[in-house]
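Asker: For reference, the file query.tsv (TSV, C-alpha atoms) is included below:
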chain	number	residue	atom	x	y	z
T	1	MET	CA	-32.10	-41.16	-70.85
T	2	ARG	CA	-28.70	-42.55	-71.83
T	3	ASN	CA	-27.58	-39.12	-73.06
T	4	SER	CA	-28.72	-37.40	-69.89
T	5	ARG	CA	-26.71	-39.89	-67.83
T	6	VAL	CA	-23.63	-39.19	-69.93
T	7	GLN	CA	-24.28	-35.48	-69.56
T	8	LEU	CA	-24.59	-35.83	-65.78
T	9	ALA	CA	-21.40	-37.89	-65.62
T	10	SER	CA	-19.48	-35.37	-67.69
T	11	ARG	CA	-20.71	-32.48	-65.54
T	12	GLY	CA	-19.75	-34.43	-62.44
T	13	PHE	CA	-16.31	-35.05	-63.93
T	14	LEU	CA	-15.91	-31.35	-64.69
T	15	LEU	CA	-16.93	-30.40	-61.15
T	16	VAL	CA	-14.61	-32.95	-59.51
T	17	MET	CA	-11.73	-31.84	-61.72
T	18	ALA	CA	-12.38	-28.17	-60.95
T	19	LEU	CA	-12.43	-28.87	-57.21
T	20	GLY	CA	-9.32	-31.03	-57.52
T	21	TRP	CA	-7.58	-28.28	-59.42
T	22	VAL	CA	-8.37	-25.76	-56.65
T	23	ALA	CA	-7.04	-28.16	-53.99
T	24	ILE	CA	-3.86	-28.85	-55.97
T	25	ALA	CA	-3.31	-25.17	-56.71
T	26	LEU	CA	-3.65	-24.27	-53.03
T	27	ALA	CA	-1.40	-27.14	-51.95
T	28	SER	CA	1.18	-26.15	-54.57
T	29	LEU	CA	1.67	-22.59	-53.30
T	30	GLU	CA	4.30	-23.92	-50.89
T	31	TYR	CA	6.58	-24.64	-53.87
T	32	PHE	CA	6.88	-20.91	-54.47
T	33	GLU	CA	7.34	-19.65	-50.89
T	34	PRO	CA	10.74	-17.99	-50.47
T	35	ASP	CA	13.13	-19.40	-47.81
T	36	SER	CA	11.04	-22.49	-47.31
T	37	VAL	CA	11.16	-26.04	-48.56
T	38	ALA	CA	7.99	-27.96	-49.38
T	39	PRO	CA	7.55	-31.37	-47.68
T	40	PHE	CA	7.65	-33.11	-51.07
T	41	VAL	CA	11.03	-31.48	-51.80
T	42	VAL	CA	12.35	-32.38	-48.33
T	43	GLU	CA	11.33	-35.94	-49.03
T	44	ARG	CA	12.92	-36.06	-52.49
T	45	LEU	CA	16.30	-34.44	-51.76
T	46	PRO	CA	19.05	-35.23	-52.50
T	47	VAL	CA	18.55	-35.54	-56.24
T	48	ARG	CA	21.02	-35.38	-59.11
T	49	PHE	CA	21.12	-31.92	-60.71
T	50	GLU	CA	19.27	-30.35	-57.79
T	51	SER	CA	18.85	-26.86	-59.34
T	52	LEU	CA	17.51	-28.32	-62.59
T	53	TRP	CA	15.12	-30.56	-60.67
T	54	LEU	CA	13.85	-27.73	-58.44
T	55	GLY	CA	13.40	-25.46	-61.46
T	56	ALA	CA	11.59	-28.19	-63.37
T	57	LEU	CA	9.29	-28.77	-60.39
T	58	GLN	CA	8.30	-25.10	-60.19
T	59	TRP	CA	7.78	-24.77	-63.95
T	60	HIS	CA	5.82	-28.01	-64.07
T	61	VAL	CA	3.52	-27.02	-61.22
T	62	ALA	CA	3.00	-23.50	-62.56
T	63	SER	CA	2.26	-24.66	-66.10
T	64	ALA	CA	-0.08	-27.41	-64.88
T	65	ILE	CA	-2.01	-24.91	-62.79
T	66	VAL	CA	-2.61	-22.83	-65.93
T	67	THR	CA	-3.05	-25.54	-68.58
T	68	PHE	CA	-5.29	-27.98	-66.74
T	69	PRO	CA	-8.23	-25.58	-66.24
T	70	LEU	CA	-7.62	-24.22	-69.73
T	71	CYS	CA	-8.02	-27.71	-71.19
T	72	LEU	CA	-11.17	-28.26	-69.14
T	73	VAL	CA	-12.68	-24.98	-70.30
T	74	LEU	CA	-11.65	-25.60	-73.92
T	75	GLY	CA	-13.64	-28.84	-73.80
T	76	THR	CA	-16.90	-27.11	-72.91
T	77	PRO	CA	-19.51	-26.29	-75.59
T	78	TRP	CA	-19.56	-22.72	-74.30
T	79	LEU	CA	-16.01	-22.14	-75.53
T	80	GLN	CA	-16.39	-24.42	-78.53
T	81	ARG	CA	-19.15	-22.10	-79.76
T	82	ARG	CA	-16.65	-19.23	-79.68
T	83	PRO	CA	-14.04	-20.28	-82.25
T	84	ALA	CA	-11.85	-17.19	-81.95
T	85	TRP	CA	-11.54	-17.58	-78.18
T	86	HIS	CA	-11.17	-21.34	-78.51
T	87	ARG	CA	-8.31	-20.90	-80.99
T	88	SER	CA	-6.48	-18.25	-78.93
T	89	LEU	CA	-6.76	-20.07	-75.62
T	90	GLY	CA	-6.00	-23.36	-77.34
T	91	ARG	CA	-2.75	-21.92	-78.69
T	92	VAL	CA	-1.75	-20.75	-75.21
T	93	ALA	CA	-2.55	-24.16	-73.72
T	94	GLY	CA	-0.83	-26.03	-76.56
T	95	ALA	CA	2.33	-23.92	-76.38
T	96	LEU	CA	2.58	-24.25	-72.59
T	97	VAL	CA	1.98	-27.99	-72.67
T	98	VAL	CA	4.53	-28.68	-75.41
T	99	ALA	CA	7.18	-26.18	-74.32
T	100	VAL	CA	6.92	-26.30	-70.51
T	101	LEU	CA	4.63	-28.93	-68.99
T	102	VAL	CA	5.89	-31.99	-70.85
T	103	PRO	CA	9.66	-31.22	-70.81
T	104	SER	CA	9.60	-30.33	-67.09
T	105	GLY	CA	7.53	-33.45	-66.39
T	106	ILE	CA	10.08	-35.60	-68.18
T	107	VAL	CA	12.90	-34.08	-66.10
T	108	LEU	CA	10.94	-34.79	-62.91
T	109	SER	CA	10.05	-38.32	-63.97
T	110	PHE	CA	13.70	-39.40	-63.85
T	111	GLU	CA	13.77	-38.68	-60.10
T	112	ALA	CA	10.24	-39.86	-59.37
T	113	LYS	CA	9.70	-41.44	-56.02
T	114	GLY	CA	8.79	-45.09	-56.23
T	115	GLY	CA	11.59	-45.96	-58.64
T	116	ALA	CA	11.69	-47.11	-62.25
T	117	LEU	CA	8.06	-48.22	-62.46
T	118	VAL	CA	6.84	-44.76	-61.49
T	119	THR	CA	9.36	-43.14	-63.85
T	120	VAL	CA	7.95	-45.21	-66.71
T	121	GLY	CA	4.39	-44.31	-65.65
T	122	PHE	CA	5.09	-40.56	-65.69
T	123	PHE	CA	7.03	-40.91	-68.93
T	124	LEU	CA	4.14	-42.74	-70.59
T	125	SER	CA	1.68	-40.09	-69.44
T	126	ALA	CA	3.98	-37.32	-70.75
T	127	ALA	CA	4.35	-39.13	-74.09
T	128	VAL	CA	0.58	-39.48	-74.49
T	129	VAL	CA	0.09	-35.79	-73.70
T	130	LEU	CA	2.81	-34.69	-76.14
T	131	VAL	CA	1.74	-36.91	-79.03
T	132	ALA	CA	-1.95	-36.13	-78.50
T	133	MET	CA	-1.34	-32.38	-78.24
T	134	VAL	CA	0.80	-32.22	-81.39
T	135	SER	CA	-1.63	-34.45	-83.31
T	136	GLY	CA	-4.58	-32.46	-81.94
T	137	VAL	CA	-3.14	-29.17	-83.15
T	138	ALA	CA	-2.30	-30.69	-86.54
T	139	SER	CA	-5.82	-32.08	-86.94
T	140	ALA	CA	-7.36	-28.72	-85.99
T	141	ARG	CA	-5.25	-27.06	-88.67
T	142	ARG	CA	-6.54	-29.66	-91.14
T	143	ARG	CA	-10.05	-28.80	-89.87
T	144	ASP	CA	-10.49	-32.45	-88.88
T	145	PHE	CA	-12.38	-31.56	-85.71
T	146	LEU	CA	-13.36	-35.11	-84.89
T	147	ALA	CA	-9.72	-36.17	-84.69
T	148	HIS	CA	-8.94	-32.91	-82.87
T	149	LYS	CA	-11.49	-33.74	-80.19
T	150	ARG	CA	-10.21	-37.27	-79.82
T	151	HIS	CA	-6.63	-36.09	-79.31
T	152	MET	CA	-7.62	-33.34	-76.91
T	153	LEU	CA	-9.69	-35.81	-74.89
T	154	HIS	CA	-6.46	-37.76	-74.39
T	155	VAL	CA	-4.60	-34.60	-73.29
T	156	THR	CA	-7.26	-33.67	-70.75
T	157	ALA	CA	-7.63	-37.25	-69.58
T	158	GLN	CA	-3.90	-37.51	-68.81
T	159	MET	CA	-3.98	-34.14	-67.06
T	160	SER	CA	-6.82	-35.39	-64.90
T	161	VAL	CA	-4.36	-37.97	-63.52
T	162	ALA	CA	-3.07	-35.19	-61.24
T	163	VAL	CA	-6.45	-35.18	-59.48
T	164	THR	CA	-7.45	-38.84	-59.67
T	165	SER	CA	-4.01	-40.04	-58.60
T	166	ARG	CA	-4.03	-37.80	-55.52
T	167	GLY	CA	-7.56	-38.93	-54.72
T	168	LEU	CA	-6.43	-42.56	-54.90
T	169	LEU	CA	-3.38	-41.79	-52.76
T	170	ARG	CA	-5.66	-40.33	-50.11
T	171	GLY	CA	-7.90	-43.40	-50.29
T	172	PHE	CA	-4.95	-45.80	-50.08
T	173	ASP	CA	-3.58	-43.87	-47.10
T	174	MET	CA	-6.91	-44.23	-45.31
T	175	ALA	CA	-6.95	-47.94	-46.19
T	176	GLY	CA	-3.47	-48.30	-44.68
T	177	LEU	CA	-1.71	-49.39	-47.87
T	178	GLU	CA	2.07	-49.19	-47.77
T	179	PRO	CA	2.99	-45.70	-49.14
T	180	GLU	CA	5.52	-46.85	-51.77
T	181	VAL	CA	3.10	-49.41	-53.23
T	182	ALA	CA	0.23	-46.92	-52.99
T	183	TYR	CA	2.24	-44.31	-54.91
T	184	THR	CA	2.95	-46.69	-57.80
T	185	VAL	CA	-0.59	-48.08	-58.04
T	186	ALA	CA	-2.13	-44.61	-57.64
T	187	LEU	CA	-0.19	-43.48	-60.69
T	188	TRP	CA	-0.62	-46.43	-63.04
T	189	ILE	CA	-4.35	-46.99	-62.54
T	190	PRO	CA	-5.30	-43.39	-63.48
T	191	VAL	CA	-2.80	-43.22	-66.39
T	192	VAL	CA	-4.12	-46.39	-68.02
T	193	ALA	CA	-7.77	-45.80	-67.07
T	194	SER	CA	-7.65	-42.23	-68.42
T	195	ALA	CA	-6.26	-43.40	-71.77
T	196	LEU	CA	-8.91	-46.12	-72.03
T	197	ALA	CA	-11.69	-43.74	-71.00
T	198	ALA	CA	-10.58	-41.14	-73.55
T	199	GLU	CA	-10.48	-43.77	-76.29
T	200	TRP	CA	-13.87	-45.13	-75.27
T	201	LEU	CA	-15.42	-41.65	-75.28
T	202	ALA	CA	-13.82	-40.89	-78.63
T	203	GLY	CA	-15.32	-44.03	-80.11
T	204	ARG	CA	-18.89	-43.25	-79.06
T	205	ARG	CA	-21.40	-42.64	-81.81
T	206	VAL	CA	-22.46	-39.35	-80.28
T	207	PHE	CA	-19.21	-37.62	-79.62
T	208	PRO	CA	-19.16	-36.18	-76.11
T	209	SER	CA	-17.66	-33.01	-74.78
T	210	PHE	CA	-17.68	-32.03	-71.13
T	211	ALA	CA	-21.14	-30.66	-70.63
T	212	PHE	CA	-22.28	-31.31	-74.11
T	213	THR	CA	-25.65	-30.15	-74.73
T	214	PRO	CA	-25.81	-30.49	-78.48
T	215	PRO	CA	-24.07	-33.71	-79.58
T	216	VAL	CA	-21.39	-33.17	-82.15
T	217	PRO	CA	-22.08	-35.13	-85.35
T	218	ARG	CA	-19.42	-37.49	-86.69
T	219	SER	CA	-18.97	-35.49	-89.86
T	220	LEU	CA	-19.01	-31.75	-89.87
T	221	PRO	CA	-20.68	-29.91	-92.73
X	1	MET	CA	32.47	-35.38	24.21
X	2	THR	CA	35.77	-33.56	23.71
X	3	ARG	CA	36.15	-30.57	21.46
X	4	SER	CA	38.15	-32.56	18.87
X	5	SER	CA	35.67	-35.41	18.71
X	6	SER	CA	32.73	-33.03	18.25
X	7	SER	CA	34.64	-31.33	15.40
X	8	PHE	CA	35.13	-34.73	13.85
X	9	VAL	CA	31.39	-35.49	14.09
X	10	VAL	CA	30.53	-32.14	12.48
X	11	ALA	CA	33.08	-32.66	9.70
X	12	PHE	CA	31.92	-36.20	9.11
X	13	THR	CA	28.24	-35.19	9.02
X	14	PHE	CA	29.02	-32.34	6.62
X	15	THR	CA	31.08	-34.57	4.30
X	16	PHE	CA	28.50	-37.33	4.41
X	17	THR	CA	25.68	-34.90	3.63
X	18	LEU	CA	27.66	-33.46	0.73
X	19	ALA	CA	28.40	-36.93	-0.64
X	20	VAL	CA	24.74	-37.96	-0.38
X	21	ALA	CA	23.61	-34.73	-2.04
X	22	ALA	CA	26.13	-35.17	-4.86
X	23	ALA	CA	25.05	-38.78	-5.40
X	24	ALA	CA	21.39	-37.77	-5.40
X	25	ALA	CA	22.09	-34.96	-7.85
X	26	ALA	CA	23.98	-37.33	-10.11
X	27	ALA	CA	21.14	-39.82	-9.98
X	28	ALA	CA	18.56	-37.13	-10.71
X	29	ALA	CA	20.49	-35.56	-13.62
X	30	PRO	CA	19.48	-37.05	-16.94
X	31	SER	CA	22.04	-39.15	-18.72
X	32	LEU	CA	23.50	-37.79	-21.95
X	33	GLU	CA	21.34	-40.21	-23.92
X	34	ALA	CA	18.16	-39.21	-22.13
X	35	TRP	CA	18.97	-35.52	-22.59
X	36	ALA	CA	19.59	-36.03	-26.32
X	37	LYS	CA	16.42	-38.05	-26.77
X	38	ALA	CA	14.29	-35.45	-24.98
X	39	ARG	CA	15.87	-32.65	-26.99
X	40	ILE	CA	15.29	-34.40	-30.34
X	41	GLN	CA	11.74	-35.22	-29.35
X	42	ALA	CA	10.95	-31.64	-28.31
X	43	ASN	CA	12.84	-29.78	-31.03
X	44	LEU	CA	12.31	-32.01	-34.02
X	45	VAL	CA	9.80	-34.84	-33.70
X	46	GLN	CA	7.02	-32.83	-32.08
X	47	PRO	CA	7.32	-29.76	-34.37
X	48	LEU	CA	7.44	-32.12	-37.36
X	49	ALA	CA	4.22	-33.85	-36.28
X	50	LYS	CA	2.59	-30.46	-35.70
X	51	LYS	CA	3.62	-29.25	-39.14
X	52	GLU	CA	2.31	-32.43	-40.76
X	53	GLU	CA	-1.09	-31.93	-39.10
X	54	SER	CA	-1.61	-28.70	-41.01
X	55	ARG	CA	-0.30	-30.07	-44.31
X	56	SER	CA	-2.59	-30.42	-47.31
X	57	ARG	CA	-3.78	-33.99	-47.73
X	58	PHE	CA	-3.86	-33.35	-51.48
X	59	SER	CA	-0.10	-33.42	-51.82
X	60	ARG	CA	2.28	-35.86	-53.45
X	61	ALA	CA	4.37	-35.91	-50.27
X	62	ALA	CA	4.20	-39.13	-48.27
X	63	PRO	CA	1.40	-39.26	-45.70
X	64	PRO	CA	2.53	-38.59	-42.12
X	65	PRO	CA	3.40	-41.77	-40.21
X	66	THR	CA	1.25	-42.98	-37.36
X	67	GLU	CA	4.12	-42.92	-34.93
X	68	ARG	CA	7.79	-41.91	-34.66
X	69	ARG	CA	10.47	-42.93	-32.21
X	70	VAL	CA	13.91	-41.58	-31.46
X	71	ARG	CA	16.96	-43.77	-30.96
X	72	VAL	CA	20.22	-42.32	-29.69
X	73	LEU	CA	22.89	-44.48	-31.24
X	74	ALA	CA	25.74	-43.96	-28.75
X	75	SER	CA	26.07	-43.31	-25.05
X	76	THR	CA	29.36	-41.42	-25.28
X	77	LEU	CA	30.22	-38.36	-27.29
X	78	SER	CA	32.06	-38.56	-30.60
X	79	ARG	CA	34.21	-35.62	-31.67
X	80	ASP	CA	34.18	-33.84	-35.02
X	81	ALA	CA	37.18	-32.15	-36.67
X	82	LYS	CA	36.69	-29.06	-34.49
X	83	GLY	CA	36.65	-31.16	-31.34
X	84	ARG	CA	32.94	-30.62	-30.67
X	85	GLY	CA	31.12	-33.50	-29.04
X	86	PHE	CA	28.04	-35.03	-30.64
X	87	LEU	CA	25.78	-38.05	-30.44
X	88	PRO	CA	24.36	-39.78	-33.51
X	89	TYR	CA	20.62	-40.46	-33.56
X	90	ALA	CA	18.02	-42.10	-35.77
X	91	ILE	CA	14.30	-41.44	-36.10
X	92	ASP	CA	12.10	-44.39	-37.01
X	93	ALA	CA	8.56	-44.21	-38.29
X	94	ARG	CA	5.78	-46.64	-38.83
X	95	TYR	CA	2.39	-46.66	-40.49
X	96	GLY	CA	-0.37	-48.39	-38.55
X	97	ASP	CA	0.94	-51.65	-37.14
X	98	ASP	CA	3.68	-52.00	-39.76
X	99	GLU	CA	7.31	-52.60	-38.90
X	100	TRP	CA	9.39	-49.64	-37.77
X	101	SER	CA	11.62	-48.24	-40.51
X	102	GLU	CA	14.46	-45.78	-40.17
X	103	THR	CA	13.48	-42.50	-41.83
X	104	TYR	CA	16.08	-39.98	-40.67
X	105	VAL	CA	19.55	-40.11	-39.20
X	106	GLY	CA	21.58	-37.24	-37.86
X	107	CYS	CA	23.41	-35.98	-34.83
X	108	ILE	CA	22.90	-33.73	-31.83
X	109	TYR	CA	25.68	-31.57	-30.45
X	110	ASP	CA	26.49	-31.55	-26.78
X	111	LYS	CA	26.22	-28.19	-24.93
X	112	THR	CA	24.58	-26.30	-27.83
X	113	GLY	CA	21.94	-28.95	-28.53
X	114	LEU	CA	22.22	-28.17	-32.24
X	115	LEU	CA	20.51	-30.79	-34.37
X	116	PHE	CA	21.56	-31.93	-37.82
X	117	VAL	CA	19.99	-34.39	-40.22
X	118	ALA	CA	21.61	-36.39	-42.98
X	119	VAL	CA	20.37	-35.57	-46.48
X	120	GLY	CA	22.24	-37.87	-48.80
X	121	ASP	CA	25.93	-37.65	-47.97
X	122	GLU	CA	25.61	-34.23	-46.37
X	123	HIS	CA	24.20	-32.92	-43.12
X	124	ARG	CA	21.83	-29.98	-42.91
X	125	PRO	CA	20.42	-28.22	-39.83
X	126	ALA	CA	17.35	-30.18	-38.72
X	127	GLU	CA	15.10	-27.17	-39.42
X	128	PHE	CA	15.31	-28.39	-43.02
X	129	LEU	CA	12.84	-31.15	-42.13
X	130	LEU	CA	10.50	-28.48	-40.81
X	131	GLY	CA	10.52	-26.76	-44.19
X	132	LYS	CA	13.16	-24.10	-43.62
X	133	GLN	CA	15.78	-23.44	-46.26
X	134	ALA	CA	19.03	-24.76	-44.75
X	135	GLU	CA	22.22	-25.40	-46.64
X	136	PRO	CA	24.49	-28.38	-45.87
X	137	VAL	CA	27.10	-27.73	-43.16
X	138	PRO	CA	30.44	-29.33	-43.98
X	139	GLY	CA	32.19	-31.44	-41.35
X	140	VAL	CA	29.35	-31.78	-38.87
X	141	CYS	CA	28.35	-35.19	-37.50
X	142	GLN	CA	31.57	-36.66	-38.85
X	143	VAL	CA	33.97	-38.31	-36.47
X	144	ALA	CA	37.47	-36.99	-37.07
X	145	PRO	CA	40.60	-39.01	-36.35
X	146	PRO	CA	42.19	-37.82	-33.04
X	147	ALA	CA	45.11	-36.13	-34.84
X	148	GLU	CA	42.75	-33.85	-36.82
X	149	ARG	CA	40.90	-32.49	-33.79
X	150	SER	CA	41.77	-28.92	-32.91
Produce structure tokens that represent the structure in this file.
Answerer:
Amino acid sequence: MRNSRVQLASRGFLLVMALGWVAIALASLEYFEPDSVAPFVVERLPVRFESLWLGALQWHVASAIVTFPLCLVLGTPWLQRRPAWHRSLGRVAGALVVAVLVPSGIVLSFEAKGGALVTVGFFLSAAVVLVAMVSGVASARRRDFLAHKRHMLHVTAQMSVAVTSRGLLRGFDMAGLEPEVAYTVALWIPVVASALAAEWLAGRRVFPSFAFTPPVPRSLP
Amino acid sequence: MTRSSSSFVVAFTFTFTLAVAAAAAAAAAPSLEAWAKARIQANLVQPLAKKEESRSRFSRAAPPPTERRVRVLASTLSRDAKGRGFLPYAIDARYGDDEWSETYVGCIYDKTGLLFVAVGDEHRPAEFLLGKQAEPVPGVCQVAPPAERS
């Protein structure tokens, strides 16, 4: 009963994240339209090092659009049962996250709207992703798959902030919360909650994955 | 009535009619401020609201405000370095029943009706706010000392 509830929740999470990813991907196309400026960019300009910032924004969006669904798919038992595919796609995701997503995110965080508190929030999220990804790859190479799963849960959880934070922003807008306050709160709540949720899931006796049919035992043979 | 007095009456009536017509025309013509306000409303505020309606709600951009208002900040033209006349304006926005806050400032040029908006220390054509790529235009919306005007 308890397991089926967890299974349902994880499937629901996967579905919400997939839908959120589609919405974000569609909304992000405007960043790549020639001769046009996206509303978010209009709002943010002027920034220091404008070309660097605009480049970082495009690279960040593009890499997030690729790596987020990759991380979701890599967490499913379907791909975990196919080690060769899991390894290859995992390498692509890991390389993109470490080389593109995190560095571009750090560049963007310095000009984040909402000021220093939001900058720190994005920076913290980027740090969690970087440390977890590097540790996750290292643990996979050591064949410590339990630690690998724990680290990758943290990576995916922080990536899910893109969806949950926008969902909260929408909710706060409907509730009439002041936009600047809403932006800060809608970042910090998902960043902290995602880290706690990942840690909580990692600490469960039956280790979960996203749709997990067969529970993964604590020690692998 | 003599010929000269009837000429006087005709001339007087003609002059009077002209004067009344001119006064009526002057009264009917919009003031510079009203013209600027209407132009900013039609060419910037309304298209901006229309664009925001079709925008994805799943964006990190700020949600559209509930209401915007235009303020023209002067009743007489200022002159830039090229001697072109302009009026400064501000656009305020508010969310729900919150206080109004100034969101954009810029200027509108007399005769051409060209609109510019301040982005940092520079001014770009107002189409920038509507999502069109528009580079900063040096010297616009800046009052030049009388000696510099050409």
Asker: Per residue of chain X within 7 Å of chain T, what are the shortest atom pair and its distance in Å to one decimal, counting all atoms listed in the file, with rows by chain and residue number, as a tab-separated table?
Answerer:
residue	atom	partner	partner_atom	distance
X:Ser56	CA	T:Ala27	CA	5.8
X:Phe58	CA	T:Arg166	CA	6.0
X:Ser59	CA	T:Ala27	CA	6.4
X:Arg60	CA	T:Phe40	CA	6.5
X:Ala61	CA	T:Phe40	CA	4.4
X:Ala62	CA	T:Pro179	CA	6.7
X:Pro63	CA	T:Asp173	CA	6.9
X:Gly96	CA	T:Gly176	CA	6.9
X:Val119	CA	T:Pro46	CA	6.2
X:Gly120	CA	T:Pro46	CA	5.6
X:Leu129	CA	T:Val42	CA	6.3
X:Gly131	CA	T:Val37	CA	4.5
X:Lys132	CA	T:Ser36	CA	4.6
X:Gln133	CA	T:Ser36	CA	4.9
Asker: Between X:Ile91, X:Cys141, X:Glu52, X:Asp97, which is the closest to Tyr109 in chain X once you count only C-alpha atoms?
Answerer: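 Ranked by minimum distance to Tyr109 in chain X, first place goes to X:Cys141.
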Asker: Within 10 Å of (-13.7, -33.2, -62.7) (coordinates as in the file), grab all the protein and nucleic acid residues, counting all atoms listed in the file, and write them out as number ranges by chain.
Answerer: T: 9-21, 72, 160, 163-164, 210
Asker: Need the shell around range 70-84 of chain X: protein/DNA/RNA residues with any atom at most 12 Å away, counting only C-alpha atoms. Skip same-chain ones fewer than 4 positions apart. Format as a PyMOL selection string?
Answerer: chain X and resi 31-46+88-93+100-114+138-150
Asker: I'd like the interatomic distance between CA of Val118 in chain T and CA of Val185 in chain T, to a tenth of an Å.
Answerer: 8.8 Å
Asker: Around all the atoms of range 194-199 of chain T listed in the file, draw an axis-aligned box and extend it by 8 Å on each of the six sides; I want its centre and edge lengths in Å to one decimal, as JSON.
Answerer:
{"center_x": -9.0, "center_y": -43.6, "center_z": -72.4, "size_x": 21.4, "size_y": 21.0, "size_z": 23.9}
Asker: Which residues come within 9 Å of Lys149 in chain T, counting all atoms listed in the file, excluding same-chain residues fewer than 4 positions away, as a PyMOL selection string?
Answerer: chain T and resi 75+136+139-140+144-145+153-154+202+207+209
Asker: Choose the residue, out of X:Asp98, X:Arg124, X:Leu130, X:Thr66, that has the smallest atom-to-atom separation from Leu48 in chain X; count all atoms listed in the file.
Answerer: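 Once distances to Leu48 in chain X are computed over all atoms listed in the file, the minimum belongs to X:Leu130.
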